[in-house]
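Below is the file coords_0.pdb, which contains PDB, C-alpha atoms and all ligand atoms.
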```pdb
ATOM      1  CA  MET A 917     -65.622-142.591  -4.100  1.00  0.00           C
ATOM      2  CA  VAL A 918     -66.988-145.739  -2.479  1.00  0.00           C
ATOM      3  CA  GLN A 919     -65.135-149.007  -1.914  1.00  0.00           C
ATOM      4  CA  ALA A 920     -67.165-152.132  -2.706  1.00  0.00           C
ATOM      5  CA  TYR A 921     -65.149-154.337  -0.336  1.00  0.00           C
ATOM      6  CA  LEU A 922     -66.468-152.578   2.781  1.00  0.00           C
ATOM      7  CA  HIS A 923     -69.459-154.301   4.411  1.00  0.00           C
ATOM      8  CA  ARG A 924     -71.120-150.941   5.007  1.00  0.00           C
ATOM      9  CA  THR A 925     -70.962-149.616   1.465  1.00  0.00           C
ATOM     10  CA  GLN A 926     -74.186-151.074   0.066  1.00  0.00           C
ATOM     11  CA  SER A 927     -76.291-149.485   2.818  1.00  0.00           C
ATOM     12  CA  ASP A 928     -74.297-146.206   2.658  1.00  0.00           C
ATOM     13  CA  VAL A 929     -74.948-146.000  -1.081  1.00  0.00           C
ATOM     14  CA  GLU A 930     -78.673-146.700  -0.677  1.00  0.00           C
ATOM     15  CA  ALA A 931     -78.958-144.040   2.053  1.00  0.00           C
ATOM     16  CA  LEU A 932     -77.045-141.442   0.017  1.00  0.00           C
ATOM     17  CA  ILE A 933     -79.214-142.086  -3.044  1.00  0.00           C
ATOM     18  CA  ASP A 934     -82.351-141.664  -0.901  1.00  0.00           C
ATOM     19  CA  ASP A 935     -80.937-138.340   0.343  1.00  0.00           C
ATOM     20  CA  GLY A 936     -80.313-137.132  -3.231  1.00  0.00           C
ATOM     21  CA  MET A 937     -76.518-137.450  -2.915  1.00  0.00           C
ATOM     22  CA  GLY A 938     -76.048-140.521  -5.115  1.00  0.00           C
ATOM     23  CA  HIS A 939     -73.121-139.420  -7.276  1.00  0.00           C
ATOM     24  CA  PHE A 940     -70.349-141.996  -6.939  1.00  0.00           C
ATOM     25  CA  ARG A 941     -67.121-143.423  -8.216  1.00  0.00           C
ATOM     26  CA  LEU A 942     -67.340-147.170  -7.531  1.00  0.00           C
ATOM     27  CA  CYS A 943     -64.089-149.063  -6.954  1.00  0.00           C
ATOM     28  CA  LYS A 944     -63.196-152.395  -5.356  1.00  0.00           C
ATOM     29  CA  GLY A 945     -60.957-150.889  -2.642  1.00  0.00           C
ATOM     30  CA  ALA A 946     -57.181-150.905  -2.541  1.00  0.00           C
ATOM     31  CA  TYR A 947     -56.155-151.385   1.087  1.00  0.00           C
ATOM     32  CA  ASP A 948     -55.603-154.376   3.333  1.00  0.00           C
ATOM     33  CA  GLU A 949     -58.713-154.042   5.511  1.00  0.00           C
ATOM     34  CA  PRO A 950     -59.616-156.665   8.150  1.00  0.00           C
ATOM     35  CA  ALA A 951     -62.392-159.222   7.603  1.00  0.00           C
ATOM     36  CA  THR A 952     -64.416-157.553  10.373  1.00  0.00           C
ATOM     37  CA  ILE A 953     -65.141-154.615   8.061  1.00  0.00           C
ATOM     38  CA  ALA A 954     -64.361-155.809   4.525  1.00  0.00           C
ATOM     39  CA  TYR A 955     -64.821-158.724   2.121  1.00  0.00           C
ATOM     40  CA  ARG A 956     -61.434-160.261   1.483  1.00  0.00           C
ATOM     41  CA  GLU A 957     -62.189-162.851  -1.194  1.00  0.00           C
ATOM     42  CA  ARG A 958     -61.934-161.579  -4.750  1.00  0.00           C
ATOM     43  CA  PRO A 959     -65.209-163.180  -6.012  1.00  0.00           C
ATOM     44  CA  ARG A 960     -67.111-161.636  -3.096  1.00  0.00           C
ATOM     45  CA  VAL A 961     -65.679-158.186  -3.848  1.00  0.00           C
ATOM     46  CA  THR A 962     -66.638-158.560  -7.502  1.00  0.00           C
ATOM     47  CA  GLN A 963     -70.141-159.590  -6.434  1.00  0.00           C
ATOM     48  CA  ALA A 964     -70.337-156.473  -4.238  1.00  0.00           C
ATOM     49  CA  MET A 965     -69.371-154.340  -7.269  1.00  0.00           C
ATOM     50  CA  HIS A 966     -72.173-155.983  -9.259  1.00  0.00           C
ATOM     51  CA  GLU A 967     -74.688-155.278  -6.483  1.00  0.00           C
ATOM     52  CA  LEU A 968     -73.636-151.619  -6.329  1.00  0.00           C
ATOM     53  CA  ILE A 969     -73.936-151.276 -10.101  1.00  0.00           C
ATOM     54  CA  ARG A 970     -77.454-152.756  -9.933  1.00  0.00           C
ATOM     55  CA  THR A 971     -78.393-150.337  -7.162  1.00  0.00           C
ATOM     56  CA  CYS A 972     -76.997-147.236  -8.867  1.00  0.00           C
ATOM     57  CA  TYR A 973     -78.244-148.034 -12.383  1.00  0.00           C
ATOM     58  CA  SER A 974     -81.800-149.028 -11.380  1.00  0.00           C
ATOM     59  CA  ALA A 975     -84.582-146.833 -12.741  1.00  0.00           C
ATOM     60  CA  GLU A 976     -85.664-146.037  -9.172  1.00  0.00           C
ATOM     61  CA  SER A 977     -82.170-144.773  -8.212  1.00  0.00           C
ATOM     62  CA  ARG A 978     -81.730-142.835 -11.440  1.00  0.00           C
ATOM     63  CA  ALA A 979     -85.067-141.118 -10.774  1.00  0.00           C
ATOM     64  CA  LYS A 980     -83.426-139.862  -7.548  1.00  0.00           C
ATOM     65  CA  GLY A 981     -80.426-138.534  -9.507  1.00  0.00           C
ATOM     66  CA  ALA A 982     -78.045-141.452  -8.934  1.00  0.00           C
ATOM     67  CA  PHE A 983     -74.943-141.719 -11.092  1.00  0.00           C
ATOM     68  CA  ALA A 984     -72.049-144.137 -10.753  1.00  0.00           C
ATOM     69  CA  ALA A 985     -68.741-144.112 -12.609  1.00  0.00           C
ATOM     70  CA  ILE A 986     -67.131-147.543 -12.630  1.00  0.00           C
ATOM     71  CA  ALA A 987     -63.426-147.323 -11.662  1.00  0.00           C
ATOM     72  CA  SER A 988     -62.190-150.782 -12.582  1.00  0.00           C
ATOM     73  CA  HIS A 989     -59.952-152.641 -15.053  1.00  0.00           C
ATOM     74  CA  ASP A 990     -61.738-155.923 -14.370  1.00  0.00           C
ATOM     75  CA  GLU A 991     -63.566-157.127 -17.486  1.00  0.00           C
ATOM     76  CA  ASP A 992     -65.984-159.113 -15.356  1.00  0.00           C
ATOM     77  CA  VAL A 993     -67.116-155.869 -13.690  1.00  0.00           C
ATOM     78  CA  ILE A 994     -67.018-153.866 -16.931  1.00  0.00           C
ATOM     79  CA  ASN A 995     -69.043-156.444 -18.885  1.00  0.00           C
ATOM     80  CA  PHE A 996     -71.570-156.671 -16.077  1.00  0.00           C
ATOM     81  CA  ALA A 997     -72.003-152.862 -16.098  1.00  0.00           C
ATOM     82  CA  LYS A 998     -72.381-152.795 -19.892  1.00  0.00           C
ATOM     83  CA  ALA A 999     -74.964-155.606 -19.908  1.00  0.00           C
ATOM     84  CA  TYR A1000     -76.948-154.206 -16.982  1.00  0.00           C
ATOM     85  CA  ALA A1001     -76.943-150.712 -18.505  1.00  0.00           C
ATOM     86  CA  TYR A1002     -78.140-152.073 -21.855  1.00  0.00           C
ATOM     87  CA  GLN A1003     -80.920-154.131 -20.249  1.00  0.00           C
ATOM     88  CA  HIS A1004     -82.096-151.108 -18.249  1.00  0.00           C
ATOM     89  CA  GLY A1005     -82.152-148.572 -21.041  1.00  0.00           C
ATOM     90  CA  LEU A1006     -78.958-146.606 -20.414  1.00  0.00           C
ATOM     91  CA  ALA A1007     -77.162-145.503 -23.574  1.00  0.00           C
ATOM     92  CA  PRO A1008     -73.374-146.061 -23.670  1.00  0.00           C
ATOM     93  CA  SER A1009     -72.935-142.271 -23.395  1.00  0.00           C
ATOM     94  CA  GLN A1010     -74.630-142.443 -19.960  1.00  0.00           C
ATOM     95  CA  VAL A1011     -72.095-144.976 -18.668  1.00  0.00           C
ATOM     96  CA  GLU A1012     -68.668-143.868 -17.438  1.00  0.00           C
ATOM     97  CA  PHE A1013     -65.640-146.053 -16.814  1.00  0.00           C
ATOM     98  CA  GLN A1014     -62.479-144.856 -15.105  1.00  0.00           C
ATOM     99  CA  MET A1015     -59.034-146.449 -15.276  1.00  0.00           C
ATOM    100  CA  LEU A1016     -55.489-145.691 -14.232  1.00  0.00           C
ATOM    101  CA  TYR A1017     -53.213-144.102 -16.811  1.00  0.00           C
ATOM    102  CA  GLY A1018     -51.412-146.766 -18.843  1.00  0.00           C
ATOM    103  CA  ILE A1019     -53.388-149.767 -17.534  1.00  0.00           C
ATOM    104  CA  ARG A1020     -55.366-151.816 -20.099  1.00  0.00           C
ATOM    105  CA  ARG A1021     -54.983-149.184 -22.813  1.00  0.00           C
ATOM    106  CA  GLU A1022     -56.551-151.361 -25.515  1.00  0.00           C
ATOM    107  CA  LEU A1023     -59.630-151.867 -23.378  1.00  0.00           C
ATOM    108  CA  GLN A1024     -59.811-148.103 -22.742  1.00  0.00           C
ATOM    109  CA  THR A1025     -59.740-147.413 -26.487  1.00  0.00           C
ATOM    110  CA  ALA A1026     -62.275-150.159 -27.256  1.00  0.00           C
ATOM    111  CA  LEU A1027     -64.747-148.776 -24.698  1.00  0.00           C
ATOM    112  CA  VAL A1028     -64.427-145.252 -26.116  1.00  0.00           C
ATOM    113  CA  LYS A1029     -65.054-146.617 -29.635  1.00  0.00           C
ATOM    114  CA  GLN A1030     -68.200-148.325 -28.299  1.00  0.00           C
ATOM    115  CA  GLY A1031     -69.464-144.918 -27.118  1.00  0.00           C
ATOM    116  CA  TYR A1032     -68.776-145.179 -23.371  1.00  0.00           C
ATOM    117  CA  LYS A1033     -67.282-142.324 -21.384  1.00  0.00           C
ATOM    118  CA  MET A1034     -63.761-142.983 -20.182  1.00  0.00           C
ATOM    119  CA  ARG A1035     -61.930-140.955 -17.563  1.00  0.00           C
ATOM    120  CA  ILE A1036     -58.235-141.600 -17.011  1.00  0.00           C
ATOM    121  CA  TYR A1037     -56.698-141.137 -13.584  1.00  0.00           C
ATOM    122  CA  VAL A1038     -53.342-139.360 -13.876  1.00  0.00           C
ATOM    123  CA  PRO A1039     -51.393-138.782 -10.654  1.00  0.00           C
ATOM    124  CA  TYR A1040     -49.161-135.709 -10.689  1.00  0.00           C
ATOM    125  CA  GLY A1041     -47.362-133.385  -8.304  1.00  0.00           C
ATOM    126  CA  THR A1042     -44.499-133.588  -5.843  1.00  0.00           C
ATOM    127  CA  HIS A1043     -45.763-136.349  -3.512  1.00  0.00           C
ATOM    128  CA  TRP A1044     -44.951-139.129  -5.946  1.00  0.00           C
ATOM    129  CA  TYR A1045     -43.050-141.295  -3.441  1.00  0.00           C
ATOM    130  CA  PRO A1046     -45.870-141.961  -0.929  1.00  0.00           C
ATOM    131  CA  TYR A1047     -48.249-142.445  -3.884  1.00  0.00           C
ATOM    132  CA  PHE A1048     -45.864-144.972  -5.455  1.00  0.00           C
ATOM    133  CA  MET A1049     -45.489-146.856  -2.149  1.00  0.00           C
ATOM    134  CA  ARG A1050     -49.282-147.064  -1.744  1.00  0.00           C
ATOM    135  CA  ARG A1051     -49.666-148.463  -5.283  1.00  0.00           C
ATOM    136  CA  LEU A1052     -46.932-151.021  -4.530  1.00  0.00           C
ATOM    137  CA  ALA A1053     -48.643-152.068  -1.309  1.00  0.00           C
ATOM    138  CA  GLU A1054     -51.899-152.454  -3.205  1.00  0.00           C
ATOM    139  CA  ARG A1055     -50.337-154.552  -5.935  1.00  0.00           C
ATOM    140  CA  PRO A1056     -46.758-155.788  -5.434  1.00  0.00           C
ATOM    141  CA  ALA A1057     -46.658-156.905  -9.096  1.00  0.00           C
ATOM    142  CA  ASN A1058     -46.433-153.175  -9.928  1.00  0.00           C
ATOM    143  CA  LEU A1059     -42.793-153.321  -8.863  1.00  0.00           C
ATOM    144  CA  LEU A1060     -42.080-155.441 -11.941  1.00  0.00           C
ATOM    145  CA  PHE A1061     -43.862-152.936 -14.226  1.00  0.00           C
ATOM    146  CA  PHE A1062     -41.806-150.151 -12.628  1.00  0.00           C
ATOM    147  CA  LEU A1063     -38.471-151.960 -12.944  1.00  0.00           C
ATOM    148  CA  ARG A1064     -39.168-152.885 -16.577  1.00  0.00           C
ATOM    149  CA  ALA A1065     -39.998-149.249 -17.386  1.00  0.00           C
ATOM    150  CA  LEU A1066     -36.812-148.145 -15.604  1.00  0.00           C
ATOM    151  CA  VAL A1067     -34.542-150.387 -17.678  1.00  0.00           C
ATOM    152  CA  GLY A1068     -36.444-149.545 -20.858  1.00  0.00           C
ATOM    153  CA  ASP A1069     -37.698-153.074 -21.641  1.00  0.00           C
TER
HETATM  154  C1  LIG B1101     -59.844-144.157 -11.310  1.00  0.00           C
HETATM  155  C2  LIG B1101     -59.557-145.006 -10.100  1.00  0.00           C
HETATM  156  C3  LIG B1101     -59.628-144.445  -8.843  1.00  0.00           C
HETATM  157  C4  LIG B1101     -59.403-145.215  -7.704  1.00  0.00           C
HETATM  158  N1  LIG B1101     -59.523-144.637  -6.472  1.00  0.00           N
HETATM  159  C5  LIG B1101     -59.416-145.403  -5.389  1.00  0.00           C
HETATM  160  C6  LIG B1101     -59.655-144.859  -4.097  1.00  0.00           C
HETATM  161  O1  LIG B1101     -59.940-143.661  -3.948  1.00  0.00           O
HETATM  162  N2  LIG B1101     -59.563-145.682  -3.021  1.00  0.00           N
HETATM  163  C7  LIG B1101     -59.256-147.018  -3.140  1.00  0.00           C
HETATM  164  O2  LIG B1101     -59.228-147.728  -2.128  1.00  0.00           O
HETATM  165  N3  LIG B1101     -58.997-147.562  -4.350  1.00  0.00           N
HETATM  166  C8  LIG B1101     -59.068-146.785  -5.463  1.00  0.00           C
HETATM  167  N4  LIG B1101     -58.817-147.340  -6.695  1.00  0.00           N
HETATM  168  C9  LIG B1101     -58.221-148.703  -6.763  1.00  0.00           C
HETATM  169  C10 LIG B1101     -59.287-149.784  -6.770  1.00  0.00           C
HETATM  170  O3  LIG B1101     -59.949-149.850  -5.530  1.00  0.00           O
HETATM  171  C11 LIG B1101     -58.649-151.167  -7.037  1.00  0.00           C
HETATM  172  O4  LIG B1101     -57.727-151.489  -6.034  1.00  0.00           O
HETATM  173  C12 LIG B1101     -57.920-151.235  -8.375  1.00  0.00           C
HETATM  174  O5  LIG B1101     -58.587-150.499  -9.373  1.00  0.00           O
HETATM  175  C13 LIG B1101     -57.820-152.702  -8.846  1.00  0.00           C
HETATM  176  O6  LIG B1101     -59.112-153.252  -8.960  1.00  0.00           O
HETATM  177  P1  LIG B1101     -59.828-153.568 -10.376  1.00  0.00           P
HETATM  178  O7  LIG B1101     -61.284-153.272 -10.239  1.00  0.00           O
HETATM  179  O8  LIG B1101     -59.139-152.866 -11.478  1.00  0.00           O
HETATM  180  O9  LIG B1101     -59.761-155.142 -10.517  1.00  0.00           O
HETATM  181  P2  LIG B1101     -58.548-156.180 -10.381  1.00  0.00           P
HETATM  182  O10 LIG B1101     -59.205-157.506 -10.470  1.00  0.00           O
HETATM  183  O11 LIG B1101     -57.684-155.887  -9.190  1.00  0.00           O
HETATM  184  O12 LIG B1101     -57.721-155.886 -11.680  1.00  0.00           O
HETATM  185  C14 LIG B1101     -58.104-156.369 -12.951  1.00  0.00           C
HETATM  186  C15 LIG B1101     -56.852-156.371 -13.805  1.00  0.00           C
HETATM  187  O13 LIG B1101     -56.461-155.002 -14.085  1.00  0.00           O
HETATM  188  C16 LIG B1101     -55.039-154.881 -14.028  1.00  0.00           C
HETATM  189  N5  LIG B1101     -54.703-153.942 -12.944  1.00  0.00           N
HETATM  190  C17 LIG B1101     -55.532-153.496 -11.978  1.00  0.00           C
HETATM  191  N6  LIG B1101     -54.924-152.597 -11.193  1.00  0.00           N
HETATM  192  C18 LIG B1101     -53.655-152.485 -11.662  1.00  0.00           C
HETATM  193  C19 LIG B1101     -52.522-151.698 -11.271  1.00  0.00           C
HETATM  194  N7  LIG B1101     -52.560-150.842 -10.248  1.00  0.00           N
HETATM  195  N8  LIG B1101     -51.388-151.848 -11.990  1.00  0.00           N
HETATM  196  C20 LIG B1101     -51.318-152.708 -13.032  1.00  0.00           C
HETATM  197  N9  LIG B1101     -52.374-153.468 -13.456  1.00  0.00           N
HETATM  198  C21 LIG B1101     -53.512-153.350 -12.779  1.00  0.00           C
HETATM  199  C22 LIG B1101     -54.481-156.266 -13.810  1.00  0.00           C
HETATM  200  O14 LIG B1101     -54.228-156.852 -15.061  1.00  0.00           O
HETATM  201  C23 LIG B1101     -55.621-156.989 -13.146  1.00  0.00           C
HETATM  202  O15 LIG B1101     -55.591-158.377 -13.330  1.00  0.00           O
HETATM  203  C24 LIG B1101     -59.056-146.598  -7.841  1.00  0.00           C
HETATM  204  C25 LIG B1101     -58.992-147.167  -9.110  1.00  0.00           C
HETATM  205  C26 LIG B1101     -59.244-146.403 -10.231  1.00  0.00           C
HETATM  206  C27 LIG B1101     -59.178-147.045 -11.579  1.00  0.00           C
END
```

Let me see the structure of the file written as structure tokens.
Amino acid sequence: MVQAYLHRTQSDVEALIDDGMGHFRLCKGAYDEPATIAYRERPRVTQAMHELIRTCYSAESRAKGAFAAIASHDEDVINFAKAYAYQHGLAPSQVEFQMLYGIRRELQTALVKQGYKMRIYVPYGTHWYPYFMRRLAERPANLLFFLRALVGD
């Protein structure tokens, strides 16, 4: 897994691809990192995702065995990946998206119908509380989703 918001990620990804270890899950990054090491503005993070997709999907990188699954619910990122893949000769079956269980279900189904791979992230086990607190810290709006589910709305 690599986080696009980190300043170092683009060069890490290039170096790993050169070393034949270019198999990634690309995500934006969930934590509150300081500006000294991470992009903090949303458009800049999205741009970093686009740059990583370009790097991983290029013919040169693929010749070195690169593969990148796109872990995002952002249609800007998803549409960029689809367009770039199409323009560079990747079939939908060679493109994998990953999303969290229950988030943007219609988009998940639509992508599968279009022939893309879709992997769903399902947390399980006994450590649900720290996981839940991390997801809340990442996105406080999740508290509303949780409370609605709790009262059955
Ligand atoms: C499979 C998977 C694995 C991940 N692994 C890691 C990891 O190892 N390390 C890490 O730092 N981050 C990880 N993340 C989180 C990731 O870095 C982002 O914080 C998160 O996915 C939100 O970014 P986005 O690309 O979906 O775009 P955003 O612009 O943040 O979201 C687009 C839209 O999707 C919806 N959405 C997104 N996230 C949620 C949510 N949690 N709940 C409800 N709605 C939501 C909202 O409608 C939002 O407007 C992972 C994400 C996925 C899907």

Check which residues satisfy the PyMOL selection byres (((not hetatm)) within 7 of (chain B and resi 1101)) in the file shown, then give them as a list in words. Met917, Gln919, Cys943, Lys944, Gly945, Ala946, Tyr947, Ala987, Ser988, His989, Asp990, Gln1014, Met1015, Leu1016, Ile1019, Arg1020, Ile1036, Tyr1037, Arg1051, Glu1054, Arg1055 and Asn1058 of chain A

Between A:Phe983, A:Glu957, A:Ile994, A:Met1034, which has the minimum distance to A:Phe1013 (counting all atoms listed in the file)?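 Among A:Phe983, A:Glu957, A:Ile994, A:Met1034, it is A:Met1034 that comes nearest to A:Phe1013.
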
If the PyMOL selection byres (((chain A and resi 965) around 12) and not hetatm) is run on the structure shown, which residues does it catch, given as a VMD selection string? chain A and resid 918 to 923 925 to 926 929 941 to 945 955 958 to 964 966 to 972 984 to 988 990 992 to 997

Counting all atoms listed in the file, the residue of A:Ala1026, A:Ile933, A:Ala1057, A:Val1038 that sits nearest A:Glu976: A:Ile933

Straight-line distance linking atom CA of A:Gln1024 with atom CA of A:Ala979, stated in Å to one decimal: 28.8 Å

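Here the question is which of A:Ala982, A:Arg924, A:Ala999, A:Pro1056 gets nearest to A:Ile953 using only C-alpha atoms, and that residue is A:Arg924.
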
Taking all atoms listed in the file into account, name the residue in A:Gln1003, A:Lys998, A:Ser1009, A:Ser927 that is nearest to A:Tyr1032.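 Looking only at the distances to A:Tyr1032, the closest residue turns out to be A:Ser1009.
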
With distances taken over all atoms listed in the file, which of A:Ser974, A:Asp948, A:Gly981, A:Pro1039 is nearest to A:Gly936?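 Among the listed residues, the smallest separation from A:Gly936 belongs to A:Gly981.
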
Interatomic distance between atom CA of A:Tyr1047 and atom CA of A:Pro950? 21.8 Å
